[in-house]
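Written below as structure tokens is the structure these notes are about.
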Amino acid sequence: MSGETGRLELRGVWKSFGGRPVLRDVSLTVDPGRVVALLGPNGAGKSTLLRVAAGVTRADRGEIRLGGGPVSDPGRRRRIGLVGHTSFLYAFLTVAENLRLYARLYGVDARRVEESLTAWGLADHRDRPVRELSRGFTQRVSLARALLPQPALLLLDEPFTGLDAEASAHLRARLAALRADGRAILLATHAWEEAHDLADDAVGLVDGRVARRGRAAALDLASSAADQTV
Amino acid sequence: MSAFVLLLHKDLRLEARGRDLLPSMAVLALLLLALGGAAGLGGEAAPAVLWITVAVTAAGGLARSFHQETDQDQLLALRLAAVDPAVIYLAKAAANFVVVGVVELLALAALAVFFNVRLPAQPLAFAAVLLLGTASLVGLGTLLGGMLAAARAREALMPVLLLPLAAPAVMAATGATARLMSGGGSVSAELGLLLAFAAVSVAAAVLVFEHVVEE
């Protein structure tokens, strides 16, 4: 795929809620074919940063560009796959109905839905309403939904939450394949091992500021989160 | 298939399975009409009772109509998919129109039983009043439902906002229904007002809904 389409650039981004700053002058870049881990404790601003990067939460100040253009452009926004803390799924629709709905909204071929159901181990659950699924299976459907349109930029907020070993292994393999295919991936996590194993670069967020940045391979897994240096 | 058809189909399917709106709205409508009948209100009061019932039940139901778009941030996913906010509004309004329309048909049947009234002699004009009265309530109510989707007290706020704002349409629909049920006169003035109210409500919603769905 084109090297520029998934490049994410944030420059001097600020965001407040109710007068309380959540993001303070955040700048970072995720290049195509790279995985950047966004590390930080609860409340550091990771989820807000992902939503701002996706263009669904408006920044107070700063610039967010995807593939060289503003992320607020709906056409660019369609290139983003976002997995957040909520599933984005309709509880009373079945697994297959949810995926088909999003596939049609994205103009994705119906065959990809079938491939996705098989790939994520959901074929036996295709006709079950999402409200009857466990947390782990719901997360699988969320991931399958986000990946359906083959996004150029993937924004993942704690994507391993609730996944069993099999699904985790599948997600790791998918992330590796997506990276090899030139997709840009921003992965918010507070699991240092995930960042160490999966990411090329790591950005540490503390109180909404970028406190540290560097190579993910340099993460010291023996250190506590508090004194971690990236 | 267009995004409008996809979303409308999805909304109707969710209502058929989840029954979020219809049962509670229908029970409330039947209760209000039964109370009116038990209180001995005659056929002259029937038009007012009908439209009060429709407006109150619509306010209750429409307040919850965006719940299924917000409980798991589905609205956010639709925006990521670059679905036009106007299409999101129109599909939701169309689904709400169907639900309120079904409640209205039940209310009419109950009205015949509890108030002993018959179908007006001008059924087409009566159908137009029902259609445009419902479109007025739903057009405005769906916009307010979207605006209140994130509000904790949305079910308390909706009647406070919808009923006064929709009063001109409810009054016009009531006046036209009364005239048609009593068998006299033209209702073209009321139909014109209802058409204008519905058109302005929907047009305004289409224009501003982008800002409504902005976080």
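In the structure tokens, each chain is lettered A, B, ... as it comes, each chain's residues begin at 1, and ligands are numbered from 1 in order of appearance.
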Please provide the set of residues having any atom within 12 Å of A:Arg100, restricted to only C-alpha atoms, with same-chain residues fewer than 3 positions apart removed, written as JSON, numbers by chain. {"A": [89, 90, 93, 94, 95, 96, 97, 103, 104, 105, 106, 107, 108, 109, 110, 111, 112, 113, 114, 115, 116, 117, 126, 127, 141, 144, 145, 148, 149], "B": [1, 6, 7, 10]}
Check stretch 1-190 of chain B with DSSP on the backbone and list each residue it calls alpha helix (DSSP H), as an NGL selection string. :B and (3-18 or 22-38 or 46-62 or 67-70 or 74-80 or 85-115 or 123-147 or 154-165 or 167-181 or 188-190)
Interface residues on chain A facing chain B, 8 Å, only C-alpha atoms, written as a ChimeraX atom specification: /A:54,56-58,74-75,77-78,80,86-90,92-93,101-102,104-106
Identify, on the basis of only C-alpha atoms, every residue whose closest approach to stretch 17-33 of chain A does not exceed 10 Å; exclude the query and any residue fewer than 2 positions from it along the same chain; express the result as a PyMOL selection string. chain A and resi 1-15+35-37+43-46+48-49+52+59-67+152-153+176-186+200-201+203+205-211+213
Excluding B:Val54 and any residue of its chain fewer than 4 positions from it, enumerate the residues within 9 Å of it, using only C-alpha atoms, and give them as an NGL selection string. :B and (29 or 49-50 or 58-59 or 100 or 103-104 or 107 or 134 or 137)
At what distance in Å, to one decimal, does atom CA of B:Ala46 lie from atom CA of B:Leu31?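 That distance, rounded to one decimal, is 14.3 Å.
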Could you name the residues that touch stretch 164-174 of chain B at 6 Å or less, counting only C-alpha atoms, but leaving out those on the same chain fewer than 6 positions away, as a PyMOL selection string? chain B and resi 47-48+133+190+194
Can you spit out the residues from that selection as a tab-separated table (two decimals), in the first residue's frame, using N, CA and C atoms?
chain	number	residue	atom	x	y	z
B	47	PRO	N	-60.36	14.29	20.13
B	47	PRO	CA	-59.18	14.78	19.39
B	47	PRO	C	-58.07	15.29	20.30
B	48	ALA	N	-58.46	16.03	21.35
B	48	ALA	CA	-57.44	16.54	22.26
B	48	ALA	C	-56.74	15.40	23.00
B	133	GLY	N	-48.86	15.46	11.38
B	133	GLY	CA	-48.73	15.66	12.83
B	133	GLY	C	-47.63	14.79	13.41
B	190	GLU	N	-54.67	24.11	8.58
B	190	GLU	CA	-53.92	23.30	9.56
B	190	GLU	C	-52.91	22.39	8.85
B	194	LEU	N	-48.95	22.30	9.48
B	194	LEU	CA	-48.26	21.05	9.84
B	194	LEU	C	-47.14	20.72	8.85
Could you work out how far atom CA of B:Leu191 lies from atom CA of B:Ala125, giving the answer in Å with one decimal?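 Atom CA of B:Leu191 lies at a distance of 8.6 Å from atom CA of B:Ala125.
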For B:Ala204, work out the shell of residues within 9 Å, counting only C-alpha atoms and skipping chain neighbours fewer than 5 positions away, then give it as a VMD selection string. chain B and resid 140 143 199 209
Compile the contact shell of A:Leu39 as a PyMOL selection string: residues with an atom at most 7 Å away, counting only C-alpha atoms, same-chain residues fewer than 4 positions apart removed. chain A and resi 188-190+202-205
Can I get the selected residues back with C-alpha atoms, as a PDB file, in the first residue's frame?
ATOM      1  CA  ALA A 188      -2.263   2.266  23.863  1.00  0.00           C
ATOM      2  CA  THR A 189      -1.412  -0.061  26.679  1.00  0.00           C
ATOM      3  CA  HIS A 190      -0.177  -0.212  30.218  1.00  0.00           C
ATOM      4  CA  ALA A 202       7.262   3.785  22.603  1.00  0.00           C
ATOM      5  CA  VAL A 203       5.857   7.062  23.878  1.00  0.00           C
ATOM      6  CA  GLY A 204       5.282   7.558  27.595  1.00  0.00           C
ATOM      7  CA  LEU A 205       2.357   9.783  28.528  1.00  0.00           C
TER       8      LEU A 205
END
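One distance worth recording is that between atom CA of A:Glu166 and atom CA of A:Leu198, which is 16.5 Å.
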